[in-house]
>>> print(open('data.txt').read())   # compact mmCIF, C-alpha atoms
# COMPACT_ATOMS: atom_id res chain seq x y z
CA MET S 1 42.53 111.90 176.02
CA PHE S 2 45.30 110.26 174.05
CA LYS S 3 44.93 106.65 172.87
CA ASP S 4 48.33 105.10 172.24
CA ILE S 5 48.12 102.80 169.20
CA THR S 6 51.75 101.62 169.32
CA PRO S 7 50.87 98.44 171.31
CA LEU S 8 48.40 97.51 168.56
CA LEU S 9 51.06 98.08 165.86
CA ALA S 10 53.53 95.98 167.87
CA ASP S 11 51.08 93.05 167.92
CA PRO S 12 51.06 91.44 164.45
CA HIS S 13 47.92 89.43 165.21
CA ALA S 14 45.97 92.54 166.27
CA PHE S 15 47.26 94.58 163.33
CA LYS S 16 46.31 91.77 160.93
CA THR S 17 42.83 91.55 162.45
CA VAL S 18 42.30 95.28 161.85
CA ILE S 19 43.50 95.16 158.25
CA ASP S 20 41.62 91.95 157.41
CA THR S 21 38.39 93.29 158.92
CA PHE S 22 38.63 96.45 156.81
CA THR S 23 39.55 94.35 153.77
CA SER S 24 36.40 92.23 154.11
CA ARG S 25 34.31 95.35 154.58
CA TYR S 26 35.50 97.03 151.35
CA ALA S 27 36.50 94.15 149.05
CA ASP S 28 33.20 94.11 147.12
CA GLN S 29 32.31 97.79 147.31
CA ASN S 30 33.87 98.95 144.02
CA ILE S 31 36.31 101.20 145.86
CA ASP S 32 38.85 102.91 143.58
CA ALA S 33 41.42 104.13 146.11
CA ILE S 34 42.41 104.26 149.77
CA VAL S 35 43.08 107.77 151.07
CA GLY S 36 45.37 107.84 154.12
CA ILE S 37 45.66 110.77 156.53
CA ASP S 38 49.19 111.95 157.52
CA ALA S 39 50.83 110.32 159.44
CA ARG S 40 49.36 107.39 161.40
CA GLY S 41 46.69 106.82 158.74
CA PHE S 42 49.59 105.92 156.43
CA ILE S 43 50.45 102.84 158.51
CA PHE S 44 46.96 101.34 158.25
CA GLY S 45 46.27 102.79 154.80
CA GLY S 46 49.44 101.39 153.23
CA ALA S 47 48.62 97.90 154.48
CA LEU S 48 44.95 98.16 153.45
CA ALA S 49 45.76 99.44 149.94
CA TYR S 50 48.29 96.63 149.52
CA ARG S 51 45.79 94.02 150.71
CA LEU S 52 42.97 95.30 148.48
CA GLY S 53 45.25 95.92 145.48
CA LEU S 54 44.11 99.55 145.30
CA PRO S 55 45.91 102.87 144.77
CA PHE S 56 47.08 104.61 147.95
CA ILE S 57 46.54 108.38 148.00
CA PRO S 58 48.26 110.41 150.75
CA VAL S 59 46.60 113.47 152.28
CA ARG S 60 49.46 115.44 153.79
CA LYS S 61 50.13 118.31 156.11
CA PHE S 62 50.76 121.49 154.12
CA GLY S 63 54.10 121.83 152.33
CA LYS S 64 54.94 118.14 152.00
CA LEU S 65 53.62 117.37 148.52
CA PRO S 66 55.78 118.18 145.48
CA TYR S 67 53.13 118.83 142.82
CA LYS S 68 50.13 121.20 142.54
CA THR S 69 47.58 120.64 145.28
CA HIS S 70 44.10 121.29 146.57
CA HIS S 71 44.19 122.41 150.17
CA VAL S 72 41.78 122.89 153.08
CA GLU S 73 42.41 124.91 156.22
CA TYR S 74 40.59 124.00 159.42
CA ASP S 75 40.37 125.04 163.05
CA LEU S 76 42.13 123.32 165.92
CA GLU S 77 41.45 124.24 169.54
CA TYR S 78 43.83 127.22 169.62
CA SER S 79 45.14 127.42 166.05
CA THR S 80 44.49 126.30 162.48
CA ASP S 81 45.96 123.54 160.38
CA LYS S 82 46.14 122.99 156.65
CA ILE S 83 46.18 119.74 154.69
CA GLU S 84 46.58 119.07 150.99
CA LEU S 85 46.17 116.58 148.16
CA HIS S 86 47.67 116.42 144.66
CA ILE S 87 45.21 117.88 142.17
CA ASP S 88 45.63 114.85 139.88
CA ALA S 89 45.21 112.27 142.64
CA LEU S 90 41.52 111.53 142.01
CA SER S 91 38.83 111.94 139.36
CA PRO S 92 35.07 112.64 139.67
CA ASN S 93 34.20 109.00 138.90
CA HIS S 94 36.29 107.69 141.81
CA SER S 95 34.86 106.29 145.02
CA VAL S 96 37.28 106.25 147.95
CA VAL S 97 37.69 105.08 151.52
CA ILE S 98 39.39 107.57 153.87
CA ILE S 99 41.38 105.94 156.66
CA ASP S 100 42.91 107.20 159.90
CA ASP S 101 43.78 105.57 163.20
CA LEU S 102 41.59 107.75 165.40
CA LEU S 103 38.36 109.74 165.14
CA ALA S 104 38.52 112.35 167.92
CA THR S 105 36.96 115.80 167.38
CA GLY S 106 36.67 115.06 163.67
CA GLY S 107 38.40 118.22 162.43
CA THR S 108 41.03 116.51 160.30
CA ALA S 109 38.61 113.89 158.99
CA ALA S 110 36.06 116.54 157.98
CA ALA S 111 38.78 118.60 156.25
CA THR S 112 39.92 115.47 154.41
CA CYS S 113 36.36 114.86 153.21
CA GLU S 114 36.20 118.44 151.89
CA LEU S 115 39.53 117.93 150.15
CA ILE S 116 38.34 114.73 148.44
CA GLU S 117 35.09 116.39 147.39
CA LYS S 118 37.06 119.22 145.71
CA THR S 119 38.28 116.62 143.19
CA GLY S 120 34.69 115.53 142.48
CA ALA S 121 35.38 112.03 143.83
CA SER S 122 32.88 110.49 146.23
CA ILE S 123 33.52 109.14 149.71
CA ALA S 124 32.25 105.59 150.23
CA GLU S 125 33.16 105.71 153.92
CA CYS S 126 35.57 107.13 156.49
CA VAL S 127 37.10 104.34 158.54
CA PHE S 128 38.90 104.51 161.88
CA VAL S 129 40.44 101.98 164.19
CA ILE S 130 39.33 103.89 167.30
CA GLU S 131 36.52 106.38 167.84
CA LEU S 132 36.36 108.63 170.90
CA ALA S 133 32.57 108.76 170.67
CA PHE S 134 32.13 111.27 173.53
CA LEU S 135 33.93 113.90 171.41
CA GLU S 136 31.19 113.58 168.79
CA GLY S 137 33.55 113.72 165.81
CA ARG S 138 30.86 112.04 163.71
CA GLU S 139 28.80 115.24 163.89
CA LYS S 140 31.54 117.10 162.02
CA LEU S 141 31.35 114.55 159.18
CA LYS S 142 27.81 115.82 158.43
CA GLY S 143 26.14 112.64 157.29
CA ARG S 144 29.11 111.13 155.45
CA LYS S 145 29.42 107.45 156.34
CA ALA S 146 31.84 106.54 159.12
CA PHE S 147 32.85 103.22 160.64
CA SER S 148 35.12 102.46 163.59
CA LEU S 149 36.29 99.18 165.07
CA VAL S 150 36.44 100.27 168.72
CA GLN S 151 34.44 103.02 170.43
CA TYR S 152 35.20 104.75 173.75
CA MET Q 1 66.23 116.88 143.66
CA PHE Q 2 62.79 115.73 144.79
CA LYS Q 3 61.54 112.31 143.70
CA ASP Q 4 57.75 112.18 143.80
CA ILE Q 5 56.64 108.73 144.96
CA THR Q 6 52.88 109.40 144.68
CA PRO Q 7 52.67 107.85 141.16
CA LEU Q 8 54.18 104.64 142.56
CA LEU Q 9 51.65 104.62 145.42
CA ALA Q 10 48.84 105.19 142.92
CA ASP Q 11 49.88 102.12 140.90
CA PRO Q 12 48.82 98.99 142.85
CA HIS Q 13 50.97 96.72 140.68
CA ALA Q 14 54.13 98.78 141.30
CA PHE Q 15 53.39 99.12 145.03
CA LYS Q 16 52.79 95.36 145.29
CA THR Q 17 56.07 94.68 143.47
CA VAL Q 18 57.97 96.82 145.99
CA ILE Q 19 56.35 95.19 149.03
CA ASP Q 20 56.67 91.65 147.65
CA THR Q 21 60.34 92.17 146.75
CA PHE Q 22 61.12 93.38 150.29
CA THR Q 23 59.03 90.51 151.72
CA SER Q 24 61.10 87.91 149.83
CA ARG Q 25 64.30 89.61 150.94
CA TYR Q 26 63.47 89.48 154.67
CA ALA Q 27 61.12 86.48 155.05
CA ASP Q 28 63.84 84.05 156.17
CA GLN Q 29 66.14 86.48 157.98
CA ASN Q 30 64.75 86.10 161.53
CA ILE Q 31 63.68 89.73 161.61
CA ASP Q 32 61.76 90.70 164.76
CA ALA Q 33 60.24 94.03 163.72
CA ILE Q 34 59.86 96.57 160.93
CA VAL Q 35 60.82 100.12 161.92
CA GLY Q 36 59.18 102.79 159.75
CA ILE Q 37 60.39 106.39 159.49
CA ASP Q 38 57.80 109.21 159.81
CA ALA Q 39 55.89 109.76 157.52
CA ARG Q 40 56.33 108.15 154.09
CA GLY Q 41 58.18 105.19 155.60
CA PHE Q 42 54.89 104.40 157.35
CA ILE Q 43 53.15 103.67 154.03
CA PHE Q 44 55.69 101.05 152.94
CA GLY Q 45 56.44 99.88 156.48
CA GLY Q 46 52.80 99.26 157.39
CA ALA Q 47 52.31 97.10 154.31
CA LEU Q 48 55.61 95.25 154.81
CA ALA Q 49 54.94 94.53 158.50
CA TYR Q 50 51.46 93.26 157.59
CA ARG Q 51 52.84 91.04 154.83
CA LEU Q 52 55.62 89.60 157.00
CA GLY Q 53 53.42 89.25 160.09
CA LEU Q 54 55.87 91.33 162.14
CA PRO Q 55 55.48 94.16 164.68
CA PHE Q 56 55.54 97.68 163.21
CA ILE Q 57 57.53 100.23 165.22
CA PRO Q 58 57.12 103.92 164.33
CA VAL Q 59 60.05 106.34 164.58
CA ARG Q 60 58.44 109.75 164.85
CA LYS Q 61 59.29 113.41 164.66
CA PHE Q 62 59.72 114.84 168.15
CA GLY Q 63 56.59 115.41 170.24
CA LYS Q 64 54.31 112.89 168.54
CA LEU Q 65 54.74 109.83 170.77
CA PRO Q 66 52.70 109.58 173.99
CA TYR Q 67 55.02 107.49 176.21
CA LYS Q 68 58.66 107.86 177.37
CA THR Q 69 61.10 107.98 174.48
CA HIS Q 70 64.69 107.78 173.35
CA HIS Q 71 65.52 110.68 171.02
CA VAL Q 72 68.29 111.68 168.64
CA GLU Q 73 68.94 115.17 167.29
CA TYR Q 74 70.65 115.57 163.92
CA ASP Q 75 71.72 118.29 161.52
CA LEU Q 76 69.82 119.37 158.45
CA GLU Q 77 71.27 121.79 155.90
CA TYR Q 78 70.34 124.95 157.83
CA SER Q 79 68.78 123.61 161.04
CA THR Q 80 68.44 120.53 163.24
CA ASP Q 81 65.72 117.93 163.56
CA LYS Q 82 64.83 115.51 166.33
CA ILE Q 83 63.25 112.06 166.12
CA GLU Q 84 62.14 109.66 168.80
CA LEU Q 85 61.14 106.10 169.65
CA HIS Q 86 59.27 104.61 172.62
CA ILE Q 87 61.77 103.28 175.16
CA ASP Q 88 59.87 99.97 175.39
CA ALA Q 89 59.59 99.49 171.61
CA LEU Q 90 62.55 97.13 171.23
CA SER Q 91 64.83 94.85 173.29
CA PRO Q 92 68.54 94.05 172.94
CA ASN Q 93 67.79 90.63 171.41
CA HIS Q 94 65.75 92.15 168.56
CA SER Q 95 66.92 92.37 164.96
CA VAL Q 96 65.08 94.95 162.86
CA VAL Q 97 64.71 96.28 159.34
CA ILE Q 98 64.47 100.07 159.04
CA ILE Q 99 62.36 101.26 156.10
CA ASP Q 100 61.90 104.61 154.36
CA ASP Q 101 60.89 105.63 150.86
CA LEU Q 102 64.04 107.57 150.01
CA LEU Q 103 67.74 107.59 150.92
CA ALA Q 104 68.98 111.10 150.15
CA THR Q 105 71.71 112.67 152.33
CA GLY Q 106 71.18 109.93 154.91
CA GLY Q 107 70.72 112.21 157.92
CA THR Q 108 67.37 110.83 159.03
CA ALA Q 109 68.36 107.22 158.32
CA ALA Q 110 71.61 107.55 160.31
CA ALA Q 111 69.73 109.17 163.23
CA THR Q 112 67.20 106.32 163.12
CA CYS Q 113 70.04 103.79 163.30
CA GLU Q 114 71.43 105.57 166.37
CA LEU Q 115 67.98 105.55 167.94
CA ILE Q 116 67.56 101.80 167.38
CA GLU Q 117 71.04 101.12 168.75
CA LYS Q 118 70.15 103.01 171.95
CA THR Q 119 67.69 100.19 172.71
CA GLY Q 120 70.42 97.58 172.21
CA ALA Q 121 68.57 96.07 169.23
CA SER Q 122 70.55 95.30 166.08
CA ILE Q 123 69.87 96.52 162.57
CA ALA Q 124 69.69 93.75 159.99
CA GLU Q 125 69.39 96.28 157.15
CA CYS Q 126 68.09 99.70 156.16
CA VAL Q 127 65.85 99.44 153.10
CA PHE Q 128 64.73 102.17 150.71
CA VAL Q 129 62.61 102.26 147.59
CA ILE Q 130 64.79 104.95 145.99
CA GLU Q 131 68.41 105.94 146.60
CA LEU Q 132 69.87 109.23 145.33
CA ALA Q 133 73.32 107.66 145.11
CA PHE Q 134 75.12 110.91 144.13
CA LEU Q 135 74.23 112.35 147.58
CA GLU Q 136 76.25 109.54 149.17
CA GLY Q 137 73.78 108.92 152.01
CA ARG Q 138 75.27 105.44 152.42
CA GLU Q 139 78.45 107.04 153.81
CA LYS Q 140 76.45 108.43 156.73
CA LEU Q 141 75.25 104.91 157.59
CA LYS Q 142 78.86 104.00 158.46
CA GLY Q 143 78.95 100.38 157.40
CA ARG Q 144 75.42 99.44 158.44
CA LYS Q 145 73.80 97.40 155.67
CA ALA Q 146 71.60 99.26 153.20
CA PHE Q 147 69.54 98.13 150.22
CA SER Q 148 67.56 100.15 147.68
CA LEU Q 149 65.39 99.07 144.76
CA VAL Q 150 66.16 101.98 142.43
CA GLN Q 151 69.31 104.13 142.32
CA TYR Q 152 69.73 107.56 140.69
>>> encode(input="data.txt", output="structure tokens")
Amino acid sequence: MFKDITPLLADPHAFKTVIDTFTSRYADQNIDAIVGIDARGFIFGGALAYRLGLPFIPVRKFGKLPYKTHHVEYDLEYSTDKIELHIDALSPNHSVVIIDDLLATGGTAAATCELIEKTGASIAECVFVIELAFLEGREKLKGRKAFSLVQY
Amino acid sequence: MFKDITPLLADPHAFKTVIDTFTSRYADQNIDAIVGIDARGFIFGGALAYRLGLPFIPVRKFGKLPYKTHHVEYDLEYSTDKIELHIDALSPNHSVVIIDDLLATGGTAAATCELIEKTGASIAECVFVIELAFLEGREKLKGRKAFSLVQY
């Protein structure tokens, strides 16, 4: 059930189409920051933040951020994982877009939403390049807005 | 000896200055692809590849790429690490720029150079936002070209 995104990244026209589509979607939405999920979300998130002229905020796997953090632990199929965010990364008046390449079971995306909400910031939308719709990851996002370019 | 780059990422003007400086440097150099190092190199590399209209090629920690790979193992202070690249990512006629946020001891950058050279592609330059010059990472690059915006 793995979707390989490296051919998309290797095609500048396709990559540009993804970034420009997301740019149009969020340009007039008063977004304050782009939150990228470690690690493939950084590729799309870096380009999107650059294009929109917005701060880029990394959500990282545990142990990779140098300052004080909020963290959230969540279940994987046979284990748990933990992600974190600098405590000073966002403020309660901020509205953010969370970006990742893929929405699968939704575990990481849901944990990232929780992490953002710990800062008091609000989530305008979670955006994905690809959504594996049959895995019903959207359910885990519990009513938070989500958008994907391609659904399987 | 940790340099926290999150304030730079949170400042759209500073982030844009970095990306635009690198863009000017490589725009007329007949570069065929931007190679980003997992994970913070993805943030800068995604934006740079977008801006230059070039393919983005991820070099990843071992076990994260879905197709056949080249890999290189290298020494850390008290252990070893392994990185990999899809075998079809580059061709011998390609000239690439390798990008990461930080040049410290140079272990990961040197291993990435080896990985690229396994494909037969050539390295136009390795580029970093920050260089911890006193760690002499450049020595490990053994004459391959390297450029950094800020040196400590």
>>> closest_residue(input="data.txt", among="Q:His94, Q:Gln29, Q:Ile57, Q:Thr17", to="chain S", atoms="only C-alpha atoms")
Q:Ile57
>>> atom_distance(input="data.txt", atom1="atom CA of Thr69 of chain Q", atom2="atom CA of Leu90 of chain Q")
11.4 Å
>>> interface_residues(input="data.txt", of="chain Q", to="chain S", cutoff="6 Å", atoms="all atoms listed in the file", output="list in words")
Leu9, Ala10, Asp11, Pro12, Ala39, Phe42, Ile43, Gly46, Ala47, Gly53, Leu54, Pro55 and Phe56 of chain Q
>>> residues_around(input="data.txt", residues="segment 100-106 of chain Q", least_positions_apart="6", cutoff="6 Å", atoms="all atoms listed in the file", output="list in words")
Ile37, Gly41, Phe128, Val129, Ile130, Glu131, Leu132, Leu135, Gly137 and Lys140 of chain Q
>>> write_last_selection(input="data.txt", atoms="C-alpha atoms", output="compact mmCIF listing (two decimals), in the coordinates of the input")
# COMPACT_ATOMS: atom_id res chain seq x y z
CA ILE Q 37 60.39 106.39 159.49
CA GLY Q 41 58.18 105.19 155.60
CA PHE Q 128 64.73 102.17 150.71
CA VAL Q 129 62.61 102.26 147.59
CA ILE Q 130 64.79 104.95 145.99
CA GLU Q 131 68.41 105.94 146.60
CA LEU Q 132 69.87 109.23 145.33
CA LEU Q 135 74.23 112.35 147.58
CA GLY Q 137 73.78 108.92 152.01
CA LYS Q 140 76.45 108.43 156.73
>>> atom_distance(input="data.txt", atom1="atom CA of Thr21 of chain S", atom2="atom CA of Ala27 of chain Q")
24.0 Å
>>> axis_aligned_box(input="data.txt", around="segment 32-40 of chain S", padding_each_side="8 Å", output="AutoDock Vina command-line options")
--center_x 44.8 --center_y 107.4 --center_z 152.5 --size_x 28.0 --size_y 25.0 --size_z 33.8
>>> residues_around(input="data.txt", residues="Gly143 of chain Q", least_positions_apart="4", cutoff="12 Å", atoms="all atoms listed in the file", output="ChimeraX atom specification")
/Q:110,113,123-126,137-139
>>> atom_distance(input="data.txt", atom1="atom CA of Gln151 of chain Q", atom2="atom CA of Asp28 of chain Q")
25.0 Å
>>> closest_residue(input="data.txt", among="S:Val59, S:Thr119, S:Val72, S:Glu114", to="Ile87 of chain S", atoms="only C-alpha atoms")
S:Thr119
>>> closest_residue(input="data.txt", among="S:Ala111, S:Val150, S:Val96, S:Val127", to="Leu76 of chain S", atoms="only C-alpha atoms")
S:Ala111
>>> residues_around(input="data.txt", residues="Pro92 of chain S", least_positions_apart="2", cutoff="10 Å", atoms="all atoms listed in the file", output="PDB file with C-alpha atoms, keeping the file's coordinate frame")
ATOM      1  CA  LEU S  90      41.520 111.530 142.010  1.00  0.00           C
ATOM      2  CA  HIS S  94      36.290 107.690 141.810  1.00  0.00           C
ATOM      3  CA  SER S  95      34.860 106.290 145.020  1.00  0.00           C
ATOM      4  CA  ILE S 116      38.340 114.730 148.440  1.00  0.00           C
ATOM      5  CA  GLU S 117      35.090 116.390 147.390  1.00  0.00           C
ATOM      6  CA  LYS S 118      37.060 119.220 145.710  1.00  0.00           C
ATOM      7  CA  THR S 119      38.280 116.620 143.190  1.00  0.00           C
ATOM      8  CA  GLY S 120      34.690 115.530 142.480  1.00  0.00           C
ATOM      9  CA  ALA S 121      35.380 112.030 143.830  1.00  0.00           C
ATOM     10  CA  SER S 122      32.880 110.490 146.230  1.00  0.00           C
TER      11      SER S 122
END
>>> closest_residue(input="data.txt", among="S:Asp32, S:Gly107, S:Arg25, S:Val18", to="Ser91 of chain S", atoms="all atoms listed in the file")
S:Asp32
